[in-house]
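Below: one structure, written as structure tokens.
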Amino acid sequence: MSPVITGETHQWLSPFEKSVEAVLARRGKPTVVLASGDPFFYGVGATLSRRIPADEMSVIPAPSSFSLAASRLGWPLQDITVLSLHGRPVDLIRPYLHPGRKILALTSDGKGPAELAALLQSSGFAPSELTVLEALGGPHEKVSRQSAAEFALSDINDLNICGVEVKAEATARILPLSAGLADELFDHDGQITKREIRAMTLSALAPRHGELLWDIGAGSGSIGIEWMLADPSLRAIAIEASSERAARIRRNATNFGVPGLTIVEGEAPNALAGLPTPDAIFIGGGGSDAGVLDAAIGQLKSGGRLVANAVTTEMEALLLAEQARRGGSLTRIDIARAAPVGRMTGWRPAMPVTQWSWTKP
């Protein structure tokens with residue numbers, strides 16, 4: 001310990017929350033918290049600020065690992081994506097993998113760069129350049145560069161950050177930034193809101209910063225997944241009765257880089273009990289089952305949006321009655337796709353969809 005530090009000292013505990021509680025227990029007493037970098041950029045300051053008002057803290061920031069890495073690489077921070085994978089799934093990087101993009105990704109430990117390289121290889125981004133920056137700002141600083149395909153670094157310092165220059169193979173899994181992703185990107189058994197209908201459904205749901213969606217009868221999870229892809233602050237709960245489909249939703253959420261999608265396995269309306277209050281609800285499958293629509297409307301917060309799609313006459317009749325009773329808008333969606341007819345081409349209509357969109361008073 002440095003001779004200039006004369007007070008009582010404590011090491012950071014594991015799990016980290018224990019140290020937070022220890023700091024909180026000393027409120028009202030002079031307490032110094034030592035941490036590296038900028039404490040309000042993926043740092044301890046952000047964690048403490050959730051429990052301690054800003055006027056009780058005096059913060060002295062230092063350059064963050066992102067700032068140090070950008071300076072070593074010559075990458076303007078405003079032009080790149082910065083992402084923390086520290087204590088978080090490496091799959092979170094998937095939505096950002098676009099050719100030409102530059103990403104700074106903070107890892108959890110010395111194994112992180114290899115895990116990142118493996119993900120890039122398996123997703124069709126093996127040509128990507130991976131720069132590992134270790135122990136930045138210290139006497140053991142080290143910078144190494146390899147392609148993801150040839151990555152073979154070992155004995156990497158636990159304090160590291162990775163710079164990724166994204167390059168894609170022809171078969172790379174690139175997630176477009178628009179709503180209505182290709183059906184083929186999802187693992188599904190046919191129980192999926194088709195891309196054109198999905199794009200219109202997301203538009204009607206109108207996601208806003210920090211909101212929570214319930215996707216009732218989630219099927220493949222496509223609506224909840226695209227909802228979360230719209231902004232990192234968005235959350236979603238997929239409610240699905242089939243255990244096989246629930247497992248499929250989980251795989252899709254991982255492959256789309258939104259592993260935080262919550263999956264509730266069970267039948268609505270019973271499965272809705274005790275869930276956090278939603279800002280928006282989508283009803284795809286099972287909407288005509290007894291009590292589902294009423295339960296969803298009852299749980300929706302005031303000002304919340306509900307969107308329900310019908311392909312059966314029974315569900316359509318229910319939506320027509322609800323619209324007559326409560327208001328909202330009805331939209332009839334007819335999609336036809338060109339398909340071979342012998343040696344020529346003709347239009348094959350898909351099943352029409354009736355969509356009810358309503359905002360709770």
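All residue names refer to the structure tokens as shown: chains lettered A, B, ... in order, residues numbered from 1 in each chain, ligands numbered from 1 in order.
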
Original post:
Near Ala182 (chain A), counting only C-alpha atoms, which residues have an atom at most 9 Å away, once you skip same-chain residues fewer than 2 positions from it, shown as a PyMOL selection string?
Top reply: chain A and resi 180+184-186+194-195

**OP:** Mind listing the strand (DSSP E or B) residues of region 119-336 of chain A, per DSSP on the backbone, as a ChimeraX atom specification?
**Re:** /A:129-134,142-147,160-165,212-216,235-240,262-265,280-283,305-310,329-333,336

Can you tell me, as a PDB file with all heavy atoms, in the first residue's frame, what residues are no more than 7 Å from region 247-264 of chain A when counting only C-alpha atoms, ignoring any on the same chain fewer than 2 positions away?
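Written output follows (result.pdb):
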ATOM      1  N   ASP A  91     -22.234 -12.405 -27.339  1.00  0.00           N
ATOM      2  CA  ASP A  91     -23.210 -12.315 -28.434  1.00  0.00           C
ATOM      3  C   ASP A  91     -23.752 -10.903 -28.623  1.00  0.00           C
ATOM      4  O   ASP A  91     -24.307 -10.596 -29.690  1.00  0.00           O
ATOM      5  CB  ASP A  91     -24.392 -13.263 -28.166  1.00  0.00           C
ATOM      6  CG  ASP A  91     -23.965 -14.715 -28.137  1.00  0.00           C
ATOM      7  OD1 ASP A  91     -23.589 -15.232 -29.199  1.00  0.00           O
ATOM      8  OD2 ASP A  91     -23.984 -15.327 -27.055  1.00  0.00           O
ATOM      9  N   LEU A  92     -23.598 -10.044 -27.647  1.00  0.00           N
ATOM     10  CA  LEU A  92     -24.098  -8.672 -27.768  1.00  0.00           C
ATOM     11  C   LEU A  92     -23.457  -7.914 -28.929  1.00  0.00           C
ATOM     12  O   LEU A  92     -23.982  -6.899 -29.383  1.00  0.00           O
ATOM     13  CB  LEU A  92     -23.863  -7.909 -26.463  1.00  0.00           C
ATOM     14  CG  LEU A  92     -24.719  -8.335 -25.265  1.00  0.00           C
ATOM     15  CD1 LEU A  92     -24.215  -7.672 -23.990  1.00  0.00           C
ATOM     16  CD2 LEU A  92     -26.184  -7.988 -25.494  1.00  0.00           C
ATOM     17  N   ILE A  93     -22.343  -8.418 -29.435  1.00  0.00           N
ATOM     18  CA  ILE A  93     -21.670  -7.715 -30.529  1.00  0.00           C
ATOM     19  C   ILE A  93     -22.323  -8.001 -31.878  1.00  0.00           C
ATOM     20  O   ILE A  93     -22.128  -7.266 -32.857  1.00  0.00           O
ATOM     21  CB  ILE A  93     -20.172  -8.120 -30.583  1.00  0.00           C
ATOM     22  CG1 ILE A  93     -19.375  -7.062 -31.367  1.00  0.00           C
ATOM     23  CG2 ILE A  93     -19.981  -9.510 -31.188  1.00  0.00           C
ATOM     24  CD1 ILE A  93     -17.861  -7.272 -31.315  1.00  0.00           C
ATOM     25  N   ARG A  94     -23.149  -9.039 -31.975  1.00  0.00           N
ATOM     26  CA  ARG A  94     -23.683  -9.488 -33.265  1.00  0.00           C
ATOM     27  C   ARG A  94     -24.412  -8.399 -34.059  1.00  0.00           C
ATOM     28  O   ARG A  94     -24.198  -8.279 -35.274  1.00  0.00           O
ATOM     29  CB  ARG A  94     -24.601 -10.697 -33.062  1.00  0.00           C
ATOM     30  CG  ARG A  94     -23.878 -11.955 -32.586  1.00  0.00           C
ATOM     31  CD  ARG A  94     -24.861 -13.113 -32.432  1.00  0.00           C
ATOM     32  NE  ARG A  94     -24.269 -14.301 -31.854  1.00  0.00           N
ATOM     33  CZ  ARG A  94     -23.678 -15.271 -32.545  1.00  0.00           C
ATOM     34  NH1 ARG A  94     -23.614 -15.170 -33.871  1.00  0.00           N
ATOM     35  NH2 ARG A  94     -23.164 -16.326 -31.947  1.00  0.00           N
ATOM     36  N   PRO A  95     -25.297  -7.593 -33.452  1.00  0.00           N
ATOM     37  CA  PRO A  95     -26.002  -6.592 -34.261  1.00  0.00           C
ATOM     38  C   PRO A  95     -25.091  -5.534 -34.885  1.00  0.00           C
ATOM     39  O   PRO A  95     -25.495  -4.854 -35.838  1.00  0.00           O
ATOM     40  CB  PRO A  95     -26.965  -5.939 -33.252  1.00  0.00           C
ATOM     41  CG  PRO A  95     -27.112  -6.933 -32.157  1.00  0.00           C
ATOM     42  CD  PRO A  95     -25.776  -7.600 -32.067  1.00  0.00           C
ATOM     43  N   PHE A 186     -34.238 -16.389 -39.099  1.00  0.00           N
ATOM     44  CA  PHE A 186     -34.778 -16.961 -37.872  1.00  0.00           C
ATOM     45  C   PHE A 186     -34.885 -18.478 -37.986  1.00  0.00           C
ATOM     46  O   PHE A 186     -35.223 -19.017 -39.044  1.00  0.00           O
ATOM     47  CB  PHE A 186     -36.179 -16.402 -37.584  1.00  0.00           C
ATOM     48  CG  PHE A 186     -36.216 -14.942 -37.261  1.00  0.00           C
ATOM     49  CD1 PHE A 186     -36.319 -13.997 -38.277  1.00  0.00           C
ATOM     50  CD2 PHE A 186     -36.153 -14.491 -35.947  1.00  0.00           C
ATOM     51  CE1 PHE A 186     -36.360 -12.644 -37.994  1.00  0.00           C
ATOM     52  CE2 PHE A 186     -36.183 -13.142 -35.654  1.00  0.00           C
ATOM     53  CZ  PHE A 186     -36.282 -12.221 -36.675  1.00  0.00           C
ATOM     54  N   ASP A 187     -34.624 -19.158 -36.891  1.00  0.00           N
ATOM     55  CA  ASP A 187     -34.936 -20.579 -36.768  1.00  0.00           C
ATOM     56  C   ASP A 187     -36.416 -20.658 -36.389  1.00  0.00           C
ATOM     57  O   ASP A 187     -36.820 -20.130 -35.353  1.00  0.00           O
ATOM     58  CB  ASP A 187     -34.056 -21.200 -35.675  1.00  0.00           C
ATOM     59  CG  ASP A 187     -34.361 -22.672 -35.443  1.00  0.00           C
ATOM     60  OD1 ASP A 187     -35.090 -23.278 -36.254  1.00  0.00           O
ATOM     61  OD2 ASP A 187     -33.897 -23.204 -34.412  1.00  0.00           O
ATOM     62  N   SER A 220     -41.511 -17.899 -32.773  1.00  0.00           N
ATOM     63  CA  SER A 220     -40.061 -17.902 -32.972  1.00  0.00           C
ATOM     64  C   SER A 220     -39.380 -16.768 -32.218  1.00  0.00           C
ATOM     65  O   SER A 220     -38.152 -16.684 -32.198  1.00  0.00           O
ATOM     66  CB  SER A 220     -39.735 -17.777 -34.461  1.00  0.00           C
ATOM     67  OG  SER A 220     -40.176 -16.514 -34.949  1.00  0.00           O
ATOM     68  N   GLY A 221     -40.174 -15.855 -31.638  1.00  0.00           N
ATOM     69  CA  GLY A 221     -39.621 -14.712 -30.915  1.00  0.00           C
ATOM     70  C   GLY A 221     -39.269 -13.535 -31.803  1.00  0.00           C
ATOM     71  O   GLY A 221     -38.638 -12.576 -31.350  1.00  0.00           O
ATOM     72  N   ILE A 225     -37.576  -9.969 -30.574  1.00  0.00           N
ATOM     73  CA  ILE A 225     -36.179  -9.799 -30.971  1.00  0.00           C
ATOM     74  C   ILE A 225     -35.993  -8.508 -31.747  1.00  0.00           C
ATOM     75  O   ILE A 225     -35.080  -7.714 -31.469  1.00  0.00           O
ATOM     76  CB  ILE A 225     -35.718 -11.018 -31.793  1.00  0.00           C
ATOM     77  CG1 ILE A 225     -35.536 -12.221 -30.864  1.00  0.00           C
ATOM     78  CG2 ILE A 225     -34.425 -10.725 -32.540  1.00  0.00           C
ATOM     79  CD1 ILE A 225     -35.330 -13.537 -31.581  1.00  0.00           C
ATOM     80  N   MET A 228     -36.167  -5.446 -29.530  1.00  0.00           N
ATOM     81  CA  MET A 228     -34.943  -5.181 -28.779  1.00  0.00           C
ATOM     82  C   MET A 228     -33.810  -4.684 -29.676  1.00  0.00           C
ATOM     83  O   MET A 228     -32.952  -3.907 -29.237  1.00  0.00           O
ATOM     84  CB  MET A 228     -34.520  -6.441 -28.020  1.00  0.00           C
ATOM     85  CG  MET A 228     -35.471  -6.816 -26.889  1.00  0.00           C
ATOM     86  SD  MET A 228     -34.933  -8.252 -25.923  1.00  0.00           S
ATOM     87  CE  MET A 228     -33.457  -7.608 -25.128  1.00  0.00           C
ATOM     88  N   ARG A 235     -36.563  -3.577 -23.745  1.00  0.00           N
ATOM     89  CA  ARG A 235     -36.659  -4.905 -23.135  1.00  0.00           C
ATOM     90  C   ARG A 235     -37.906  -5.606 -23.657  1.00  0.00           C
ATOM     91  O   ARG A 235     -38.875  -4.963 -24.067  1.00  0.00           O
ATOM     92  CB  ARG A 235     -36.735  -4.799 -21.614  1.00  0.00           C
ATOM     93  CG  ARG A 235     -35.522  -4.133 -20.971  1.00  0.00           C
ATOM     94  CD  ARG A 235     -35.804  -3.744 -19.530  1.00  0.00           C
ATOM     95  NE  ARG A 235     -36.833  -2.722 -19.455  1.00  0.00           N
ATOM     96  CZ  ARG A 235     -37.843  -2.715 -18.578  1.00  0.00           C
ATOM     97  NH1 ARG A 235     -37.973  -3.710 -17.705  1.00  0.00           N
ATOM     98  NH2 ARG A 235     -38.731  -1.740 -18.571  1.00  0.00           N
ATOM     99  N   ALA A 236     -37.872  -6.933 -23.622  1.00  0.00           N
ATOM    100  CA  ALA A 236     -39.030  -7.689 -24.095  1.00  0.00           C
ATOM    101  C   ALA A 236     -39.154  -8.990 -23.317  1.00  0.00           C
ATOM    102  O   ALA A 236     -38.155  -9.571 -22.880  1.00  0.00           O
ATOM    103  CB  ALA A 236     -38.915  -7.982 -25.588  1.00  0.00           C
ATOM    104  N   ILE A 237     -40.397  -9.419 -23.159  1.00  0.00           N
ATOM    105  CA  ILE A 237     -40.702 -10.719 -22.558  1.00  0.00           C
ATOM    106  C   ILE A 237     -41.487 -11.518 -23.584  1.00  0.00           C
ATOM    107  O   ILE A 237     -42.525 -11.059 -24.075  1.00  0.00           O
ATOM    108  CB  ILE A 237     -41.524 -10.571 -21.266  1.00  0.00           C
ATOM    109  CG1 ILE A 237     -40.767  -9.759 -20.220  1.00  0.00           C
ATOM    110  CG2 ILE A 237     -41.888 -11.947 -20.699  1.00  0.00           C
ATOM    111  CD1 ILE A 237     -41.575  -9.462 -18.962  1.00  0.00           C
ATOM    112  N   ALA A 238     -40.979 -12.690 -23.929  1.00  0.00           N
ATOM    113  CA  ALA A 238     -41.660 -13.584 -24.862  1.00  0.00           C
ATOM    114  C   ALA A 238     -42.411 -14.640 -24.064  1.00  0.00           C
ATOM    115  O   ALA A 238     -41.812 -15.373 -23.277  1.00  0.00           O
ATOM    116  CB  ALA A 238     -40.648 -14.242 -25.803  1.00  0.00           C
ATOM    117  N   ILE A 239     -43.716 -14.708 -24.262  1.00  0.00           N
ATOM    118  CA  ILE A 239     -44.549 -15.688 -23.563  1.00  0.00           C
ATOM    119  C   ILE A 239     -44.926 -16.761 -24.568  1.00  0.00           C
ATOM    120  O   ILE A 239     -45.557 -16.477 -25.594  1.00  0.00           O
ATOM    121  CB  ILE A 239     -45.818 -15.041 -22.962  1.00  0.00           C
ATOM    122  CG1 ILE A 239     -45.425 -13.976 -21.922  1.00  0.00           C
ATOM    123  CG2 ILE A 239     -46.698 -16.099 -22.305  1.00  0.00           C
ATOM    124  CD1 ILE A 239     -45.417 -12.569 -22.433  1.00  0.00           C
ATOM    125  N   GLU A 240     -44.530 -18.000 -24.300  1.00  0.00           N
ATOM    126  CA  GLU A 240     -44.742 -19.095 -25.244  1.00  0.00           C
ATOM    127  C   GLU A 240     -45.077 -20.389 -24.499  1.00  0.00           C
ATOM    128  O   GLU A 240     -44.391 -20.759 -23.552  1.00  0.00           O
ATOM    129  CB  GLU A 240     -43.477 -19.290 -26.104  1.00  0.00           C
ATOM    130  CG  GLU A 240     -43.501 -20.480 -27.037  1.00  0.00           C
ATOM    131  CD  GLU A 240     -44.724 -20.490 -27.951  1.00  0.00           C
ATOM    132  OE1 GLU A 240     -44.975 -19.462 -28.623  1.00  0.00           O
ATOM    133  OE2 GLU A 240     -45.427 -21.525 -27.969  1.00  0.00           O
ATOM    134  N   SER A 243     -42.620 -25.734 -25.102  1.00  0.00           N
ATOM    135  CA  SER A 243     -41.237 -25.774 -24.620  1.00  0.00           C
ATOM    136  C   SER A 243     -40.254 -25.840 -25.780  1.00  0.00           C
ATOM    137  O   SER A 243     -39.153 -25.274 -25.716  1.00  0.00           O
ATOM    138  CB  SER A 243     -41.042 -26.973 -23.689  1.00  0.00           C
ATOM    139  OG  SER A 243     -41.360 -28.184 -24.344  1.00  0.00           O
ATOM    140  N   GLU A 244     -40.644 -26.519 -26.858  1.00  0.00           N
ATOM    141  CA  GLU A 244     -39.771 -26.597 -28.030  1.00  0.00           C
ATOM    142  C   GLU A 244     -39.588 -25.219 -28.656  1.00  0.00           C
ATOM    143  O   GLU A 244     -38.481 -24.825 -29.020  1.00  0.00           O
ATOM    144  CB  GLU A 244     -40.367 -27.562 -29.053  1.00  0.00           C
ATOM    145  CG  GLU A 244     -39.497 -27.766 -30.286  1.00  0.00           C
ATOM    146  CD  GLU A 244     -40.091 -28.759 -31.267  1.00  0.00           C
ATOM    147  OE1 GLU A 244     -41.069 -29.445 -30.894  1.00  0.00           O
ATOM    148  OE2 GLU A 244     -39.581 -28.843 -32.401  1.00  0.00           O
ATOM    149  N   ARG A 245     -40.673 -24.481 -28.777  1.00  0.00           N
ATOM    150  CA  ARG A 245     -40.578 -23.143 -29.342  1.00  0.00           C
ATOM    151  C   ARG A 245     -39.856 -22.181 -28.402  1.00  0.00           C
ATOM    152  O   ARG A 245     -39.125 -21.293 -28.846  1.00  0.00           O
ATOM    153  CB  ARG A 245     -41.963 -22.618 -29.690  1.00  0.00           C
ATOM    154  CG  ARG A 245     -42.548 -23.282 -30.933  1.00  0.00           C
ATOM    155  CD  ARG A 245     -43.973 -22.870 -31.193  1.00  0.00           C
ATOM    156  NE  ARG A 245     -44.468 -23.475 -32.425  1.00  0.00           N
ATOM    157  CZ  ARG A 245     -45.744 -23.569 -32.752  1.00  0.00           C
ATOM    158  NH1 ARG A 245     -46.682 -23.078 -31.936  1.00  0.00           N
ATOM    159  NH2 ARG A 245     -46.106 -24.138 -33.884  1.00  0.00           N
ATOM    160  N   GLY A 266     -45.216 -20.839 -20.762  1.00  0.00           N
ATOM    161  CA  GLY A 266     -46.524 -21.069 -20.162  1.00  0.00           C
ATOM    162  C   GLY A 266     -47.617 -20.510 -21.050  1.00  0.00           C
ATOM    163  O   GLY A 266     -47.355 -19.796 -22.018  1.00  0.00           O
TER     164      GLY A 266
END

Might you pull out every residue within 10 Å of Leu153 (chain A), with only C-alpha atoms counted and same-chain residues fewer than 3 positions away left off, and present them as an mmCIF file with N, CA, C and O atoms, in the first residue's frame?
data_model
loop_
_atom_site.group_PDB
_atom_site.id
_atom_site.type_symbol
_atom_site.label_atom_id
_atom_site.label_comp_id
_atom_site.auth_asym_id
_atom_site.auth_seq_id
_atom_site.Cartn_x
_atom_site.Cartn_y
_atom_site.Cartn_z
ATOM 1 N N GLY A 110 -8.750 -12.512 -19.774
ATOM 2 C CA GLY A 110 -7.807 -12.917 -20.807
ATOM 3 C C GLY A 110 -8.368 -13.879 -21.831
ATOM 4 O O GLY A 110 -7.786 -14.045 -22.911
ATOM 5 N N LYS A 111 -9.487 -14.528 -21.525
ATOM 6 C CA LYS A 111 -10.106 -15.447 -22.484
ATOM 7 C C LYS A 111 -11.023 -14.722 -23.470
ATOM 8 O O LYS A 111 -11.406 -15.283 -24.499
ATOM 9 N N PRO A 113 -10.727 -12.189 -25.738
ATOM 10 C CA PRO A 113 -10.379 -12.006 -27.150
ATOM 11 C C PRO A 113 -10.550 -13.278 -27.983
ATOM 12 O O PRO A 113 -11.023 -13.222 -29.122
ATOM 13 N N ALA A 114 -10.174 -14.435 -27.414
ATOM 14 C CA ALA A 114 -10.331 -15.697 -28.152
ATOM 15 C C ALA A 114 -11.805 -16.024 -28.360
ATOM 16 O O ALA A 114 -12.198 -16.525 -29.430
ATOM 17 N N VAL A 132 -5.713 -6.603 -30.061
ATOM 18 C CA VAL A 132 -5.853 -6.783 -28.618
ATOM 19 C C VAL A 132 -4.912 -5.798 -27.918
ATOM 20 O O VAL A 132 -3.698 -5.826 -28.139
ATOM 21 N N SER A 144 -1.358 -6.160 -29.859
ATOM 22 C CA SER A 144 -1.145 -7.250 -30.822
ATOM 23 C C SER A 144 -2.280 -7.252 -31.832
ATOM 24 O O SER A 144 -3.421 -6.939 -31.492
ATOM 25 N N ARG A 145 -1.961 -7.658 -33.060
ATOM 26 C CA ARG A 145 -2.945 -7.607 -34.138
ATOM 27 C C ARG A 145 -2.913 -8.909 -34.941
ATOM 28 O O ARG A 145 -1.849 -9.360 -35.368
ATOM 29 N N GLN A 146 -4.103 -9.511 -35.124
ATOM 30 C CA GLN A 146 -4.246 -10.717 -35.934
ATOM 31 C C GLN A 146 -5.635 -10.705 -36.561
ATOM 32 O O GLN A 146 -6.544 -10.029 -36.065
ATOM 33 N N GLU A 150 -7.003 -16.290 -38.001
ATOM 34 C CA GLU A 150 -5.679 -16.786 -37.600
ATOM 35 C C GLU A 150 -5.386 -16.525 -36.132
ATOM 36 O O GLU A 150 -4.240 -16.691 -35.690
ATOM 37 N N ILE A 156 -2.987 -13.663 -22.450
ATOM 38 C CA ILE A 156 -3.440 -12.274 -22.577
ATOM 39 C C ILE A 156 -3.784 -11.725 -21.205
ATOM 40 O O ILE A 156 -4.425 -12.404 -20.388
#

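Nearest to Val307 (chain A) of all the residues A:Asp215, A:Asp231, A:Glu267, A:Glu141 is A:Asp215, based on only C-alpha atoms.
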
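Separating CA of Lys102 (chain A) from CA of Leu77 (chain A) is a distance of 9.8 Å.
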
Within 10 Å of Thr131 (chain A) using only C-alpha atoms, minus same-chain residues under 2 positions, as a compact mmCIF listing (two decimals) with all heavy atoms, in the first residue's frame:
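This went into out_37.txt:
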# COMPACT_ATOMS: atom_id res chain seq x y z
N ALA A 69 -7.54 3.18 -25.87
CA ALA A 69 -7.47 2.31 -27.05
C ALA A 69 -7.63 3.12 -28.33
O ALA A 69 -6.91 2.90 -29.32
CB ALA A 69 -8.55 1.23 -26.96
N LEU A 73 -4.93 3.39 -31.48
CA LEU A 73 -5.31 2.94 -32.82
C LEU A 73 -5.51 4.09 -33.80
O LEU A 73 -5.57 3.88 -35.01
CB LEU A 73 -6.60 2.11 -32.75
CG LEU A 73 -6.51 0.79 -31.98
CD1 LEU A 73 -7.91 0.21 -31.78
CD2 LEU A 73 -5.63 -0.20 -32.74
N LEU A 104 -14.84 -1.04 -30.64
CA LEU A 104 -14.00 -1.26 -29.46
C LEU A 104 -14.84 -2.03 -28.45
O LEU A 104 -15.90 -1.56 -28.03
CB LEU A 104 -13.53 0.07 -28.86
CG LEU A 104 -12.38 0.77 -29.58
CD1 LEU A 104 -12.09 2.11 -28.90
CD2 LEU A 104 -11.13 -0.10 -29.59
N PRO A 113 -10.73 -12.19 -25.74
CA PRO A 113 -10.38 -12.01 -27.15
C PRO A 113 -10.55 -13.28 -27.98
O PRO A 113 -11.02 -13.22 -29.12
CB PRO A 113 -8.92 -11.56 -27.09
CG PRO A 113 -8.79 -10.88 -25.76
CD PRO A 113 -9.66 -11.69 -24.84
N SER A 128 -12.04 -10.44 -40.41
CA SER A 128 -11.96 -9.24 -39.59
C SER A 128 -10.62 -9.15 -38.87
O SER A 128 -10.07 -10.16 -38.42
CB SER A 128 -13.10 -9.23 -38.55
OG SER A 128 -14.36 -9.21 -39.18
N GLU A 129 -10.12 -7.91 -38.77
CA GLU A 129 -8.86 -7.67 -38.05
C GLU A 129 -9.16 -7.43 -36.58
O GLU A 129 -10.01 -6.61 -36.23
CB GLU A 129 -8.14 -6.47 -38.64
CG GLU A 129 -7.68 -6.66 -40.09
CD GLU A 129 -6.58 -7.69 -40.22
OE1 GLU A 129 -5.84 -7.88 -39.25
OE2 GLU A 129 -6.48 -8.30 -41.30
N LEU A 133 -5.49 -4.94 -27.09
CA LEU A 133 -4.72 -3.93 -26.36
C LEU A 133 -4.76 -4.30 -24.88
O LEU A 133 -5.82 -4.30 -24.26
CB LEU A 133 -5.29 -2.54 -26.60
CG LEU A 133 -5.38 -2.13 -28.08
CD1 LEU A 133 -6.82 -2.27 -28.59
CD2 LEU A 133 -4.90 -0.69 -28.27
N GLU A 134 -3.59 -4.62 -24.33
CA GLU A 134 -3.52 -5.12 -22.96
C GLU A 134 -2.90 -4.09 -22.02
O GLU A 134 -1.96 -3.38 -22.38
CB GLU A 134 -2.67 -6.40 -22.92
CG GLU A 134 -3.10 -7.49 -23.88
CD GLU A 134 -2.12 -8.66 -23.90
OE1 GLU A 134 -1.80 -9.17 -22.81
OE2 GLU A 134 -1.69 -9.04 -25.00
N VAL A 143 0.26 -4.27 -27.46
CA VAL A 143 -0.72 -4.20 -28.53
C VAL A 143 -0.37 -5.27 -29.57
O VAL A 143 0.75 -5.30 -30.07
CB VAL A 143 -0.74 -2.82 -29.20
CG1 VAL A 143 -1.74 -2.79 -30.36
CG2 VAL A 143 -1.09 -1.73 -28.18
N SER A 144 -1.36 -6.16 -29.86
CA SER A 144 -1.15 -7.25 -30.82
C SER A 144 -2.28 -7.25 -31.83
O SER A 144 -3.42 -6.94 -31.49
CB SER A 144 -1.09 -8.61 -30.10
OG SER A 144 -0.15 -8.60 -29.06
N ARG A 145 -1.96 -7.66 -33.06
CA ARG A 145 -2.95 -7.61 -34.14
C ARG A 145 -2.91 -8.91 -34.94
O ARG A 145 -1.85 -9.36 -35.37
CB ARG A 145 -2.66 -6.41 -35.04
CG ARG A 145 -3.65 -6.20 -36.19
CD ARG A 145 -3.16 -5.03 -37.05
NE ARG A 145 -3.99 -4.78 -38.21
CZ ARG A 145 -5.03 -3.94 -38.21
NH1 ARG A 145 -5.35 -3.27 -37.12
NH2 ARG A 145 -5.73 -3.75 -39.31
N GLN A 146 -4.10 -9.51 -35.12
CA GLN A 146 -4.25 -10.72 -35.93
C GLN A 146 -5.64 -10.70 -36.56
O GLN A 146 -6.54 -10.03 -36.07
CB GLN A 146 -4.09 -11.99 -35.09
CG GLN A 146 -2.68 -12.27 -34.60
CD GLN A 146 -2.58 -13.61 -33.89
OE1 GLN A 146 -3.57 -14.24 -33.57
NE2 GLN A 146 -1.35 -14.05 -33.65
N SER A 147 -5.80 -11.48 -37.63
CA SER A 147 -7.15 -11.67 -38.16
C SER A 147 -7.88 -12.66 -37.26
O SER A 147 -7.26 -13.48 -36.57
CB SER A 147 -7.10 -12.21 -39.59
OG SER A 147 -6.66 -13.56 -39.60
N ALA A 148 -9.20 -12.58 -37.27
CA ALA A 148 -9.99 -13.52 -36.46
C ALA A 148 -9.73 -14.95 -36.91
O ALA A 148 -9.70 -15.88 -36.09
CB ALA A 148 -11.47 -13.18 -36.56
N ILE A 161 -8.77 -4.78 -24.01
CA ILE A 161 -9.87 -4.30 -24.84
C ILE A 161 -9.53 -4.66 -26.28
O ILE A 161 -8.34 -4.68 -26.66
CB ILE A 161 -10.07 -2.78 -24.66
CG1 ILE A 161 -11.30 -2.29 -25.40
CG2 ILE A 161 -8.85 -2.00 -25.07
CD1 ILE A 161 -11.68 -0.85 -25.05
N CYS A 162 -10.55 -4.98 -27.07
CA CYS A 162 -10.32 -5.43 -28.44
C CYS A 162 -10.84 -4.42 -29.45
O CYS A 162 -11.97 -3.93 -29.32
CB CYS A 162 -11.01 -6.78 -28.69
SG CYS A 162 -10.31 -8.14 -27.74
N GLY A 163 -10.02 -4.13 -30.43
CA GLY A 163 -10.45 -3.33 -31.57
C GLY A 163 -10.77 -4.25 -32.73
O GLY A 163 -9.95 -5.09 -33.10
N VAL A 164 -11.96 -4.13 -33.28
CA VAL A 164 -12.40 -5.00 -34.37
C VAL A 164 -12.66 -4.16 -35.61
O VAL A 164 -13.46 -3.22 -35.58
CB VAL A 164 -13.69 -5.77 -33.99
CG1 VAL A 164 -14.08 -6.72 -35.13
CG2 VAL A 164 -13.51 -6.54 -32.69
N GLU A 165 -11.95 -4.46 -36.70
CA GLU A 165 -12.24 -3.89 -38.01
C GLU A 165 -13.00 -4.95 -38.78
O GLU A 165 -12.43 -5.96 -39.20
CB GLU A 165 -10.94 -3.50 -38.71
CG GLU A 165 -10.15 -2.41 -37.98
CD GLU A 165 -8.82 -2.14 -38.63
OE1 GLU A 165 -8.80 -1.53 -39.71
OE2 GLU A 165 -7.79 -2.55 -38.05

Subject >> Which of region 105-292 of chain A fall in alpha helix (DSSP H), as a PyMOL selection string >> reply: chain A and resi 112-122+195-205+222-229+243-255+292

Subject >> Distance in Å - CA of Asp279 (chain A) versus CA of Leu300 (chain A) >> reply: 6.6 Å
